[in-house]
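Okay, upload_7.txt now, which holds compact mmCIF, N, CA and C atoms:
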```
# COMPACT_ATOMS: atom_id res chain seq x y z
N MET A 111 -52.97 55.12 -52.98
CA MET A 111 -53.97 55.37 -51.96
C MET A 111 -53.50 54.77 -50.63
N PRO A 112 -53.55 55.51 -49.55
CA PRO A 112 -53.13 54.95 -48.26
C PRO A 112 -54.11 53.87 -47.78
N ILE A 113 -53.61 52.95 -47.00
CA ILE A 113 -54.43 51.84 -46.50
C ILE A 113 -55.64 52.34 -45.71
N SER A 114 -55.50 53.48 -45.07
CA SER A 114 -56.60 54.03 -44.27
C SER A 114 -57.78 54.51 -45.11
N ASP A 115 -57.59 54.60 -46.44
CA ASP A 115 -58.69 54.98 -47.32
C ASP A 115 -59.63 53.81 -47.62
N TYR A 116 -59.23 52.61 -47.22
CA TYR A 116 -60.05 51.42 -47.43
C TYR A 116 -60.65 50.96 -46.10
N GLU A 117 -61.64 50.07 -46.20
CA GLU A 117 -62.10 49.39 -45.00
C GLU A 117 -61.06 48.32 -44.69
N VAL A 118 -60.66 48.24 -43.44
CA VAL A 118 -59.58 47.33 -43.05
C VAL A 118 -59.97 46.59 -41.78
N VAL A 119 -59.72 45.27 -41.78
CA VAL A 119 -59.96 44.47 -40.58
C VAL A 119 -58.73 43.62 -40.27
N LEU A 120 -58.57 43.31 -38.99
CA LEU A 120 -57.57 42.35 -38.56
C LEU A 120 -58.27 41.01 -38.42
N PHE A 121 -57.53 39.92 -38.63
CA PHE A 121 -58.07 38.58 -38.43
C PHE A 121 -56.94 37.66 -38.03
N GLY A 122 -57.23 36.42 -37.81
CA GLY A 122 -56.20 35.45 -37.48
C GLY A 122 -55.84 35.45 -36.01
N SER A 123 -54.62 35.01 -35.71
CA SER A 123 -54.21 34.78 -34.32
C SER A 123 -54.24 36.04 -33.47
N TYR A 124 -54.03 37.19 -34.07
CA TYR A 124 -54.06 38.44 -33.29
C TYR A 124 -55.45 38.68 -32.71
N VAL A 125 -56.47 38.29 -33.45
CA VAL A 125 -57.85 38.50 -33.02
C VAL A 125 -58.34 37.33 -32.15
N THR A 126 -57.93 36.12 -32.48
CA THR A 126 -58.43 34.94 -31.76
C THR A 126 -57.72 34.68 -30.45
N GLY A 127 -56.58 35.35 -30.23
CA GLY A 127 -55.86 35.17 -28.98
C GLY A 127 -54.69 34.21 -29.06
N GLY A 128 -54.43 33.67 -30.23
CA GLY A 128 -53.30 32.75 -30.39
C GLY A 128 -52.02 33.44 -30.82
N PHE A 129 -51.98 34.76 -30.74
CA PHE A 129 -50.83 35.54 -31.20
C PHE A 129 -49.61 35.28 -30.31
N ARG A 130 -48.48 35.03 -30.97
CA ARG A 130 -47.20 34.85 -30.26
C ARG A 130 -46.20 35.85 -30.81
N GLU A 131 -45.07 35.93 -30.17
CA GLU A 131 -44.04 36.88 -30.58
C GLU A 131 -43.61 36.65 -32.04
N SER A 132 -43.62 35.40 -32.48
CA SER A 132 -43.19 35.08 -33.85
C SER A 132 -44.32 35.21 -34.88
N SER A 133 -45.54 35.48 -34.42
CA SER A 133 -46.69 35.58 -35.33
C SER A 133 -46.67 36.89 -36.11
N ASP A 134 -47.28 36.83 -37.29
CA ASP A 134 -47.52 38.08 -38.01
C ASP A 134 -48.95 38.53 -37.70
N ILE A 135 -49.28 39.71 -38.11
CA ILE A 135 -50.63 40.24 -37.89
C ILE A 135 -51.33 40.25 -39.24
N ASP A 136 -52.39 39.46 -39.33
CA ASP A 136 -53.13 39.33 -40.59
C ASP A 136 -54.09 40.50 -40.76
N VAL A 137 -54.00 41.14 -41.92
CA VAL A 137 -54.80 42.32 -42.22
C VAL A 137 -55.52 42.09 -43.54
N ALA A 138 -56.83 42.34 -43.54
CA ALA A 138 -57.61 42.24 -44.78
C ALA A 138 -58.09 43.64 -45.17
N VAL A 139 -57.77 44.03 -46.39
CA VAL A 139 -58.20 45.31 -46.95
C VAL A 139 -59.42 45.02 -47.83
N ILE A 140 -60.53 45.65 -47.52
CA ILE A 140 -61.78 45.40 -48.23
C ILE A 140 -61.96 46.49 -49.29
N THR A 141 -61.95 46.07 -50.56
CA THR A 141 -62.09 47.04 -51.65
C THR A 141 -63.52 47.11 -52.18
N ARG A 142 -64.26 46.03 -52.04
CA ARG A 142 -65.62 45.87 -52.57
C ARG A 142 -65.65 45.87 -54.10
N LEU A 143 -64.50 45.67 -54.71
CA LEU A 143 -64.42 45.65 -56.18
C LEU A 143 -64.50 44.22 -56.70
N LYS A 144 -65.19 44.03 -57.82
CA LYS A 144 -65.28 42.71 -58.44
C LYS A 144 -64.18 42.51 -59.48
N ASP A 145 -63.54 43.59 -59.89
CA ASP A 145 -62.49 43.56 -60.91
C ASP A 145 -61.21 42.97 -60.31
N VAL A 146 -60.89 41.74 -60.71
CA VAL A 146 -59.73 41.03 -60.16
C VAL A 146 -58.44 41.79 -60.45
N GLU A 147 -58.30 42.28 -61.67
CA GLU A 147 -57.07 43.00 -62.04
C GLU A 147 -56.87 44.24 -61.17
N GLU A 148 -57.94 44.96 -60.91
CA GLU A 148 -57.84 46.15 -60.05
C GLU A 148 -57.48 45.75 -58.62
N ASN A 149 -58.07 44.67 -58.14
CA ASN A 149 -57.73 44.19 -56.79
C ASN A 149 -56.26 43.76 -56.71
N VAL A 150 -55.77 43.13 -57.76
CA VAL A 150 -54.36 42.74 -57.80
C VAL A 150 -53.48 43.98 -57.80
N ARG A 151 -53.86 45.00 -58.56
CA ARG A 151 -53.10 46.25 -58.58
C ARG A 151 -53.06 46.87 -57.19
N ILE A 152 -54.19 46.87 -56.51
CA ILE A 152 -54.25 47.41 -55.14
C ILE A 152 -53.37 46.58 -54.21
N GLN A 153 -53.45 45.25 -54.34
CA GLN A 153 -52.62 44.37 -53.50
C GLN A 153 -51.14 44.71 -53.69
N LYS A 154 -50.72 44.83 -54.94
CA LYS A 154 -49.31 45.16 -55.23
C LYS A 154 -48.93 46.52 -54.66
N SER A 155 -49.85 47.47 -54.73
CA SER A 155 -49.54 48.82 -54.24
C SER A 155 -49.39 48.85 -52.72
N LEU A 156 -49.98 47.88 -52.04
CA LEU A 156 -49.90 47.84 -50.57
C LEU A 156 -48.59 47.23 -50.07
N PHE A 157 -47.93 46.43 -50.91
CA PHE A 157 -46.66 45.82 -50.50
C PHE A 157 -45.65 46.91 -50.20
N GLY A 158 -44.99 46.78 -49.09
CA GLY A 158 -43.96 47.74 -48.70
C GLY A 158 -44.47 48.99 -48.03
N LYS A 159 -45.78 49.14 -47.91
CA LYS A 159 -46.33 50.34 -47.26
C LYS A 159 -46.54 50.14 -45.76
N VAL A 160 -46.40 48.91 -45.31
CA VAL A 160 -46.57 48.62 -43.88
C VAL A 160 -45.38 47.80 -43.40
N LYS A 161 -45.20 47.77 -42.09
CA LYS A 161 -44.09 47.00 -41.51
C LYS A 161 -44.27 45.52 -41.82
N SER A 162 -43.15 44.80 -41.85
CA SER A 162 -43.17 43.39 -42.24
C SER A 162 -43.94 42.49 -41.28
N ILE A 163 -44.23 42.95 -40.08
CA ILE A 163 -45.02 42.13 -39.15
C ILE A 163 -46.46 41.98 -39.63
N TYR A 164 -46.90 42.87 -40.53
CA TYR A 164 -48.27 42.83 -41.05
C TYR A 164 -48.32 42.05 -42.36
N ASP A 165 -49.23 41.10 -42.45
CA ASP A 165 -49.48 40.36 -43.68
C ASP A 165 -50.77 40.92 -44.27
N VAL A 166 -50.62 41.86 -45.20
CA VAL A 166 -51.76 42.60 -45.74
C VAL A 166 -52.25 41.94 -47.02
N ARG A 167 -53.55 41.62 -47.06
CA ARG A 167 -54.16 40.98 -48.22
C ARG A 167 -55.47 41.68 -48.58
N VAL A 168 -55.74 41.74 -49.87
CA VAL A 168 -57.03 42.25 -50.33
C VAL A 168 -58.06 41.15 -50.09
N PHE A 169 -59.09 41.47 -49.34
CA PHE A 169 -60.12 40.48 -48.96
C PHE A 169 -60.71 39.79 -50.18
N GLU A 170 -61.02 40.54 -51.21
CA GLU A 170 -61.69 39.99 -52.40
C GLU A 170 -60.81 39.00 -53.16
N LEU A 171 -59.51 38.98 -52.91
CA LEU A 171 -58.61 38.04 -53.58
C LEU A 171 -58.37 36.77 -52.75
N LEU A 172 -58.85 36.74 -51.53
CA LEU A 172 -58.66 35.57 -50.67
C LEU A 172 -59.52 34.41 -51.14
N SER A 173 -59.08 33.19 -50.83
CA SER A 173 -59.90 32.02 -51.13
C SER A 173 -61.18 32.08 -50.30
N LEU A 174 -62.18 31.38 -50.75
CA LEU A 174 -63.46 31.38 -50.03
C LEU A 174 -63.29 30.89 -48.60
N LYS A 175 -62.43 29.90 -48.42
CA LYS A 175 -62.20 29.35 -47.08
C LYS A 175 -61.55 30.38 -46.15
N VAL A 176 -60.58 31.12 -46.66
CA VAL A 176 -59.92 32.15 -45.84
C VAL A 176 -60.88 33.31 -45.59
N LYS A 177 -61.68 33.65 -46.60
CA LYS A 177 -62.70 34.68 -46.38
C LYS A 177 -63.61 34.29 -45.22
N ALA A 178 -63.98 33.02 -45.16
CA ALA A 178 -64.85 32.54 -44.08
C ALA A 178 -64.17 32.70 -42.73
N LEU A 179 -62.86 32.45 -42.67
CA LEU A 179 -62.12 32.65 -41.42
C LEU A 179 -62.13 34.11 -41.00
N VAL A 180 -61.96 35.00 -41.97
CA VAL A 180 -61.99 36.44 -41.69
C VAL A 180 -63.37 36.82 -41.16
N ILE A 181 -64.39 36.40 -41.87
CA ILE A 181 -65.77 36.75 -41.53
C ILE A 181 -66.15 36.26 -40.13
N ASP A 182 -65.65 35.09 -39.76
CA ASP A 182 -66.00 34.51 -38.46
C ASP A 182 -65.31 35.21 -37.29
N ASN A 183 -64.19 35.86 -37.53
CA ASN A 183 -63.44 36.45 -36.43
C ASN A 183 -62.59 37.61 -36.93
N TYR A 184 -63.08 38.81 -36.79
CA TYR A 184 -62.35 39.98 -37.27
C TYR A 184 -62.51 41.15 -36.31
N MET A 185 -61.62 42.12 -36.48
CA MET A 185 -61.66 43.36 -35.69
C MET A 185 -61.49 44.52 -36.66
N VAL A 186 -62.42 45.45 -36.64
CA VAL A 186 -62.39 46.58 -37.58
C VAL A 186 -61.30 47.58 -37.17
N VAL A 187 -60.47 47.95 -38.15
CA VAL A 187 -59.43 48.96 -37.95
C VAL A 187 -59.89 50.27 -38.58
N PHE A 188 -60.29 50.21 -39.85
CA PHE A 188 -60.81 51.37 -40.57
C PHE A 188 -62.14 50.98 -41.20
N GLY A 189 -63.12 51.87 -41.11
CA GLY A 189 -64.42 51.63 -41.73
C GLY A 189 -65.52 51.54 -40.70
N ASP A 190 -66.73 51.53 -41.20
CA ASP A 190 -67.91 51.45 -40.35
C ASP A 190 -68.21 49.98 -40.04
N GLU A 191 -68.26 49.65 -38.76
CA GLU A 191 -68.45 48.26 -38.35
C GLU A 191 -69.74 47.65 -38.90
N LEU A 192 -70.81 48.41 -38.91
CA LEU A 192 -72.09 47.90 -39.41
C LEU A 192 -72.04 47.65 -40.92
N ASP A 193 -71.45 48.58 -41.67
CA ASP A 193 -71.32 48.39 -43.12
C ASP A 193 -70.49 47.15 -43.45
N ILE A 194 -69.40 46.98 -42.73
CA ILE A 194 -68.53 45.82 -42.96
C ILE A 194 -69.27 44.54 -42.59
N SER A 195 -70.00 44.57 -41.49
CA SER A 195 -70.77 43.41 -41.06
C SER A 195 -71.80 43.00 -42.12
N GLU A 196 -72.47 43.97 -42.71
CA GLU A 196 -73.45 43.69 -43.76
C GLU A 196 -72.78 43.12 -45.01
N TYR A 197 -71.63 43.67 -45.36
CA TYR A 197 -70.87 43.18 -46.52
C TYR A 197 -70.46 41.73 -46.28
N PHE A 198 -69.98 41.45 -45.08
CA PHE A 198 -69.56 40.09 -44.73
C PHE A 198 -70.75 39.14 -44.67
N TYR A 199 -71.92 39.62 -44.29
CA TYR A 199 -73.10 38.77 -44.19
C TYR A 199 -73.39 38.09 -45.53
N ARG A 200 -73.33 38.85 -46.60
CA ARG A 200 -73.59 38.30 -47.93
C ARG A 200 -72.55 37.23 -48.29
N ARG A 201 -71.31 37.49 -47.92
CA ARG A 201 -70.26 36.51 -48.20
C ARG A 201 -70.40 35.28 -47.31
N ARG A 202 -70.87 35.45 -46.10
CA ARG A 202 -71.09 34.31 -45.19
C ARG A 202 -72.15 33.38 -45.79
N LYS A 203 -73.18 33.96 -46.39
CA LYS A 203 -74.22 33.15 -47.03
C LYS A 203 -73.61 32.32 -48.17
N MET A 204 -72.71 32.94 -48.95
CA MET A 204 -72.03 32.23 -50.02
C MET A 204 -71.24 31.05 -49.45
N TRP A 205 -70.51 31.30 -48.36
CA TRP A 205 -69.70 30.27 -47.72
C TRP A 205 -70.59 29.13 -47.25
N GLU A 206 -71.71 29.44 -46.64
CA GLU A 206 -72.62 28.41 -46.15
C GLU A 206 -73.10 27.53 -47.30
N ASP A 207 -73.32 28.13 -48.47
CA ASP A 207 -73.77 27.37 -49.63
C ASP A 207 -72.69 26.43 -50.17
N PHE A 208 -71.41 26.81 -50.05
CA PHE A 208 -70.32 26.03 -50.63
C PHE A 208 -69.54 25.19 -49.63
N LYS A 209 -69.66 25.49 -48.37
CA LYS A 209 -68.83 24.87 -47.33
C LYS A 209 -68.83 23.34 -47.40
N HIS A 210 -69.98 22.74 -47.56
CA HIS A 210 -70.06 21.28 -47.57
C HIS A 210 -69.29 20.68 -48.75
N ARG A 211 -69.19 21.41 -49.84
CA ARG A 211 -68.45 20.91 -51.00
C ARG A 211 -66.95 20.99 -50.78
N ILE A 212 -66.51 22.04 -50.11
CA ILE A 212 -65.09 22.26 -49.90
C ILE A 212 -64.53 21.32 -48.85
N SER A 213 -65.29 21.11 -47.77
CA SER A 213 -64.77 20.31 -46.67
C SER A 213 -65.31 18.88 -46.67
N TYR A 214 -65.80 18.40 -47.81
CA TYR A 214 -66.36 17.07 -47.91
C TYR A 214 -65.32 16.01 -47.59
N HIS A 215 -64.11 16.18 -48.10
CA HIS A 215 -63.02 15.23 -47.84
C HIS A 215 -62.17 15.73 -46.68
N LYS A 216 -61.75 14.79 -45.83
CA LYS A 216 -60.99 15.16 -44.64
C LYS A 216 -59.54 15.51 -44.97
N SER A 217 -59.02 15.00 -46.08
CA SER A 217 -57.62 15.26 -46.43
C SER A 217 -57.47 15.24 -47.95
N TYR A 218 -56.31 15.71 -48.41
CA TYR A 218 -56.02 15.66 -49.85
C TYR A 218 -55.93 14.21 -50.32
N LYS A 219 -55.37 13.36 -49.46
CA LYS A 219 -55.24 11.94 -49.81
C LYS A 219 -56.63 11.35 -50.07
N GLU A 220 -57.57 11.65 -49.19
CA GLU A 220 -58.94 11.15 -49.35
C GLU A 220 -59.56 11.70 -50.64
N LYS A 221 -59.28 12.95 -50.94
CA LYS A 221 -59.83 13.56 -52.16
C LYS A 221 -59.24 12.89 -53.40
N ILE A 222 -57.94 12.64 -53.41
CA ILE A 222 -57.28 11.98 -54.54
C ILE A 222 -57.83 10.57 -54.73
N GLU A 223 -58.02 9.85 -53.62
CA GLU A 223 -58.59 8.50 -53.70
C GLU A 223 -59.99 8.54 -54.31
N ALA A 224 -60.79 9.54 -53.93
CA ALA A 224 -62.14 9.67 -54.48
C ALA A 224 -62.09 9.96 -55.98
N ILE A 225 -61.15 10.80 -56.39
CA ILE A 225 -61.00 11.12 -57.82
C ILE A 225 -60.62 9.86 -58.59
N GLU A 226 -59.69 9.08 -58.04
CA GLU A 226 -59.26 7.85 -58.71
C GLU A 226 -60.41 6.85 -58.80
N ARG A 227 -61.21 6.74 -57.73
CA ARG A 227 -62.38 5.85 -57.77
C ARG A 227 -63.35 6.31 -58.86
N GLY A 228 -63.53 7.62 -58.96
CA GLY A 228 -64.41 8.17 -59.99
C GLY A 228 -63.93 7.85 -61.39
N LYS A 229 -62.61 7.95 -61.61
CA LYS A 229 -62.04 7.63 -62.92
C LYS A 229 -62.26 6.16 -63.26
N LYS A 230 -62.05 5.27 -62.27
CA LYS A 230 -62.26 3.83 -62.49
C LYS A 230 -63.72 3.56 -62.83
N LEU A 231 -64.60 4.22 -62.13
CA LEU A 231 -66.03 4.04 -62.38
C LEU A 231 -66.39 4.51 -63.79
N GLN A 232 -65.81 5.61 -64.23
CA GLN A 232 -66.06 6.10 -65.59
C GLN A 232 -65.59 5.08 -66.62
N GLU A 233 -64.42 4.46 -66.37
CA GLU A 233 -63.89 3.45 -67.29
C GLU A 233 -64.82 2.25 -67.36
N ILE A 234 -65.32 1.82 -66.20
CA ILE A 234 -66.23 0.67 -66.16
C ILE A 234 -67.51 0.99 -66.92
N LEU A 235 -68.02 2.19 -66.73
CA LEU A 235 -69.28 2.58 -67.37
C LEU A 235 -69.14 2.76 -68.88
N LYS A 236 -67.92 3.03 -69.36
CA LYS A 236 -67.68 3.18 -70.80
C LYS A 236 -67.91 1.85 -71.52
N ASP A 237 -67.49 0.77 -70.88
CA ASP A 237 -67.55 -0.56 -71.52
C ASP A 237 -68.93 -1.09 -71.67
```
In structure tokens, write the structure found in this file.
Amino acid sequence: MPISDYEVVLFGSYVTGGFRESSDIDVAVITRLKDVEENVRIQKSLFGKVKSIYDVRVFELLSLKVKALVIDNYMVVFGDELDISEYFYRRRKMWEDFKHRISYHKSYKEKIEAIERGKKLQEILKD
């Protein structure tokens, strides 16, 4: 299936204005499918169909954090802008519900330290 048969948005530096000559152009293909295997198949089928300057990803396979970046700043290439906006609205609500859990720690080091403190606390509570 050609990429134009899907809803497609641009995101990242090309949309935000930080695009440089060495940047790639981030593209999200929206399938609206919940089937991970089918989304992976679609992702694989898209490789090699576009020039290497484009980094094409299936939206549904992106991490929640990257999905939030797409939702916050995108430009529609193919598809109805209102339909895409409504689809993203539901995902934005999901992000709002989880955001505080994901960004609770400022760094991986802080997260690891918290995990280690939790393990020590569990050991103390066992005794």
Exercise for the section: Quick one: pull the distance between CA of Tyr116 in chain A and atom C of Val187 in chain A, Å, one decimal. Expected result: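 The value is 8.9 Å.
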Practice task
Quick one: everything within 7 Å of Glu117 in chain A, counting only N, CA and C atoms, minus sequence neighbours fewer than 2 positions away in the same chain. Send it as a ChimeraX atom specification.
Solution key: /A:113-115,119,138-141,187-190
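The space between atom C of Lys177 in chain A and atom N of Val146 in chain A spans 17.4 Å.
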Problem - Nearest-residue call for Tyr164 in chain A, choices A:Leu235, A:Ile222, A:Val137, A:Val125, using all atoms listed in the file - result: A:Val137
Problem - Residue set, chain A restricted to helix (DSSP H, G or I), as an MDAnalysis selection string - result: chainID A and resid 113:115 123:126 146:156 169:171 174:182 191:212 218:236
Practice task
Rank nothing, just name the residue among A:Gly128, A:Ile194, A:Leu179, A:Leu156 nearest to Pro112 in chain A, using all atoms listed in the file.
Solution key: A:Leu156
Handout entry: d(CA of Val180 in chain A, CA of Ser155 in chain A) in Å
Key = 21.6 Å
Practice task
Go through A:Ser195, A:Ser217, A:Asn149, A:Asn183 one by one, measure the shortest atom-to-atom distance of each to Gly127 in chain A using only C-alpha atoms, and give the residue with the smallest value.
Solution key: A:Asn183
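Closest approach to Arg201 in chain A from the set A:Val186, A:Ala224, A:Leu174, A:Ile152 is made by A:Leu174, with distances taken over only C-alpha atoms.
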Handout entry: All strand (DSSP E) positions in chain A, as a PyMOL selection string
Key = chain A and resi 117-121+135-140+164-168+184-188
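If you count only C-alpha atoms and ignore residues fewer than 5 places along the chain from Arg151 in chain A, what sits within 12 Å of it is A:Met111, A:Thr141, A:Leu143, A:Asp145, A:Val146, A:Leu156, A:Phe157, A:Arg167, A:Val168, A:Leu171.
You can rank A:Trp205, A:Tyr197, A:Lys230, A:Asp136 by their closest distance to Ser173 in chain A using only C-alpha atoms, and at the top of that list sits A:Trp205.
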Exercise for the section: Identify, on the basis of all atoms listed in the file, every residue whose closest approach to Met185 in chain A does not exceed 6 Å; exclude the query and any residue fewer than 3 positions from it along the same chain; express the result as a list in words. Expected result: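 Using all atoms listed in the file, the neighbours found are Val118, Val119, Leu120 and Phe121 of chain A.
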Problem - Distance criterion (only C-alpha atoms): nearest to Asp207 in chain A out of A:Lys221, A:Gln232, A:Lys154, A:Ala178 - result: A:Ala178
